[in-house]
Amino acid sequence: MYIRKEKKQGPSLFRVFVLTILILAGLWLVKSRPDWARPFEPTPVPTLPARYFINDGDIAQAEGRLHQAIQAYEQAIALEPENDLPYLQQAMLLTDAGDTARALLRAEQAVLLNPNSPQNLAGYCRTLDWEGQYAAATEACECAIELDENYAPAYAFLSEVYADEANWIPARTTAQKALEIDFQSPEAHHNMGYALEVQGRYREAVEFYENAIALRPNQASYYMAAGRNYYWLGQLDQAADRFGEAIKLNPTDARGYDQLGWTYHANGQDARAIDALEQAIKVNPGQYRAWGRLGSIYYLRQNYEEALKILPTAINLAEHQFLSKARSVKIMAQIEGPTGPESVAVVQGRFEHSLSEEAGQAGLLTARLAPIEWAQSAPNPQDATTCGGLVAHNIKNRIIVTSPTDDISFSQIFSRTTGTAGLDPVTGELSLSLANVPFPKEIPYELQLLYLPNKVESLGYFQPDGDNNVAETFTISGKGTAPVEYYYELGLSYVYLQPPQCDKAVPWLLKSLDVDPAYYNPAWAGLKICPSTDSPPTPLPTFTPTPDGTATSTP
C-alpha cells in the first residue's frame, strides 16, 4: 500500500497574528517592569545642573572650605562653559590658594564671556595684581569703577594695586572710598589694612584685619594677615592664635604652619615650632622657607647633625624658587618667511597647578599644550564700545597676527598637535609629551620657557619619533640664590662638629661670602677655624680723617 506523505504547510495567518501580539506584549512587559525586576541593569542618574554646583561652591566658600569650593566651580564650568559666574568665583579662590597662574586664566575667561560685568573686571584686576601686572590691573579696576561707581570691591582691589606699587596715599584714599561706599565690605576693610601694613603701621592695620574677620569669619587669608601684623607688633600669642585659625580653615596650606612655627620659635617654644614646621613640610614638601626655618632652629639649638639633614634641602628648594615664576611654554618652528627663514611659535600652553589637592602638594606645574591661533588681522578695537569691551579686546589680541602677505598655511599642519608639559620646581626638570607632531622640514623644534615678568629661556631642541610623538625631559640648569643664612649655617654646622669637617664646610662658607662678603657675615668666623686659600680678602676698616686731623674707622 502506498502511503502519501503529508504536505508541509507554513503557519497560517492566524498563527502569525497571535505570535506577533505575544512578542509585542512581551516587549512591553520588559520595558515597563519595575526597577526591582531589573536587578542587573544600571539605575539611570539624572545630570545635575550647573546651578547646583555653583550653589555648592558658594556654600563651601562661605564655610571656608576652599578646595571643595574650587572643585565645585570646576564642575559647574564643565557643565556650563558659557556661564561667566563660576569662572570668576574660582579665580578669586585660586588667588587665595596661591595658584595665581590658573586664577588669571579663569579671570580672563570670565571677562571674555561678560566684559561689561564690574565684578568680572574687578576680579580680573585682583588676579593681575597678584601676578605683578600692575598697569593692566589698574586699567581693569578703573574700568570696573567706570561700569559701576558704587562697587566697593573694585576700589578695594585698586587700593591693593597702589599699595603693591608703593603709592601710599592713593592706596589709603582708595581703600577709604571703598569703606565709604560699603562699610560692610570685608574686601574694603582687608585692603585698608593692607595699605597700612605695607607702610609699617601694624597697629592700625590689625584693627581693619579684625574687622574683615568679623565680617567674613571663614576666610583663612584674613587670619593670616592679622597674624602677620600681630607678629610684627610682638604680640606673639595673638599671632599664634590667628595662624592657628587659618590652619583650621585651610589645613592643606603650608603657609599657615610655616608662620605658626616661626611664631612659636620667636616665643621661645622651639619644640612646638619644630612640630609646626615639620607639618608644613608634610603638607607641601616644596615649601623652602619651612625647611630653612627648621634647619635654622636646629642650628641655633646646636643640634648640628639635624641641621645638616635639613639645610641642604632648604638651599636646593630656595635656589629653584625662581621656577615658581614660570608661566608658559612655547614650541618654536622654523619656517620660510617673506624675507627668509624665521622662528615662529606653533604650540603653547600655560602652567597651572593641579586641582587635585594631593597632586598640588608637591607644587607641580602642568600645562596643556595646543596649537597657537594665527590670524591675518587683529580683533577690531572699534567693536569695543565699552571699557570692558576694550579689556576683552586686549585679551583676544594675544592671538599671533601676521602681515597680509605672510603664508600661514603652515599652521594647519599643527592643528592636530596636542600634549602636556610638566615642570617640577623641586628638581628643575620639565617633561614634554606631544602627539601628532609633524616632522620638521629644517632644524628641530625649540622649546622655550617663559617667566614673569618678561624673561624667556631656551631649554633645547627636539624632534618627533617615527610615530610623530615626543617624550622628552629637559633639565633647567640655572639656579637662583638662597637666603645667605642658609649657606653660613650649613657651613658652620660642619665647622662645629667634633672634629670639624672643614672640607665640607668651606664650600658653603665661601658661597655665603659670595652672596654677602660684609664683615658681619658669620662665615668669617668659620674660616678662622677652617682656613681656605680661596677665601676672599678679609674686610678691613676704612679710615676717614676728622676735622682735627685724627682718624676714625668706619666699618
# chains A, B, ... in the order shown; residues from 1 in each chain; ligands from 1

$ residues_around --residues "Leu510 in chain A" --least-positions-apart "4" --cutoff "10 Å" --atoms "only C-alpha atoms" --output "CSV table (one decimal) with N, CA and C atoms, in the first residue's frame"
chain,number,residue,atom,x,y,z
A,487,TYR,N,73.4,79.3,53.8
A,487,TYR,CA,74.7,78.9,53.5
A,487,TYR,C,75.7,78.9,54.7
A,488,TYR,N,75.7,80.0,55.4
A,488,TYR,CA,76.7,80.0,56.5
A,488,TYR,C,76.2,79.1,57.7
A,491,GLY,N,77.5,75.7,56.5
A,491,GLY,CA,78.9,75.6,56.7
A,491,GLY,C,79.4,75.6,58.1
A,505,ALA,N,82.8,72.1,55.0
A,505,ALA,CA,82.3,73.4,55.5
A,505,ALA,C,82.7,74.5,54.5
A,506,VAL,N,84.0,74.5,54.1
A,506,VAL,CA,84.5,75.6,53.3
A,506,VAL,C,83.7,76.0,52.1
A,514,ASP,N,80.1,84.8,48.9
A,514,ASP,CA,79.8,85.3,47.5
A,514,ASP,C,78.5,86.1,47.5
A,515,VAL,N,77.5,85.7,48.4
A,515,VAL,CA,76.3,86.4,48.5
A,515,VAL,C,76.4,87.7,49.2
A,516,ASP,N,77.2,87.6,50.4
A,516,ASP,CA,77.3,88.8,51.2
A,516,ASP,C,78.7,88.8,51.8
A,517,PRO,N,79.7,89.5,51.3
A,517,PRO,CA,81.0,89.5,51.8
A,517,PRO,C,81.3,90.4,53.0
A,523,ALA,N,80.2,83.7,58.4
A,523,ALA,CA,81.1,82.8,57.7
A,523,ALA,C,82.6,83.1,58.0
A,524,TRP,N,82.9,84.4,58.2
A,524,TRP,CA,84.3,84.7,58.5
A,524,TRP,C,84.8,84.0,59.8
A,526,GLY,N,83.9,81.1,60.7
A,526,GLY,CA,84.1,79.7,60.3
A,526,GLY,C,85.4,79.5,59.6
A,527,LEU,N,85.8,80.5,58.8
A,527,LEU,CA,87.0,80.4,58.0
A,527,LEU,C,88.3,80.6,58.9
A,532,SER,N,91.0,78.8,54.2
A,532,SER,CA,91.0,78.4,52.8
A,532,SER,C,91.7,79.3,52.0
A,534,ASP,N,91.1,79.9,49.0
A,534,ASP,CA,90.2,80.5,48.1
A,534,ASP,C,89.4,81.6,48.8
A,535,SER,N,89.7,81.9,50.1
A,535,SER,CA,88.9,82.9,50.8
A,535,SER,C,89.2,84.3,50.3
A,536,PRO,N,88.2,85.1,50.1
A,536,PRO,CA,88.4,86.5,49.7
A,536,PRO,C,89.2,87.3,50.8

$ residues_around --residues "range 257-266 of chain A" --least-positions-apart "2" --cutoff "9 Å" --atoms "only C-alpha atoms" --output "JSON, numbers by chain"
{"A": [224, 227, 228, 231, 236, 237, 239, 240, 241, 242, 243, 244, 247, 251, 253, 254, 255, 268, 269, 270, 271, 272, 273, 274, 275, 276, 277, 278, 279, 280, 281, 283, 287, 289, 290, 293, 294, 297]}

$ atom_distance --atom1 "CA of Leu112 in chain A" --atom2 "CA of Ala152 in chain A"
22.3 Å

$ closest_residue --among "A:Glu446, A:Glu82, A:Glu74, A:Glu305" --to "Ala110 in chain A" --atoms "only C-alpha atoms"
A:Glu82

$ closest_residue --among "A:Leu449, A:Leu430, A:Ala318, A:Ala107" --to "Tyr124 in chain A" --atoms "only C-alpha atoms"
A:Ala107
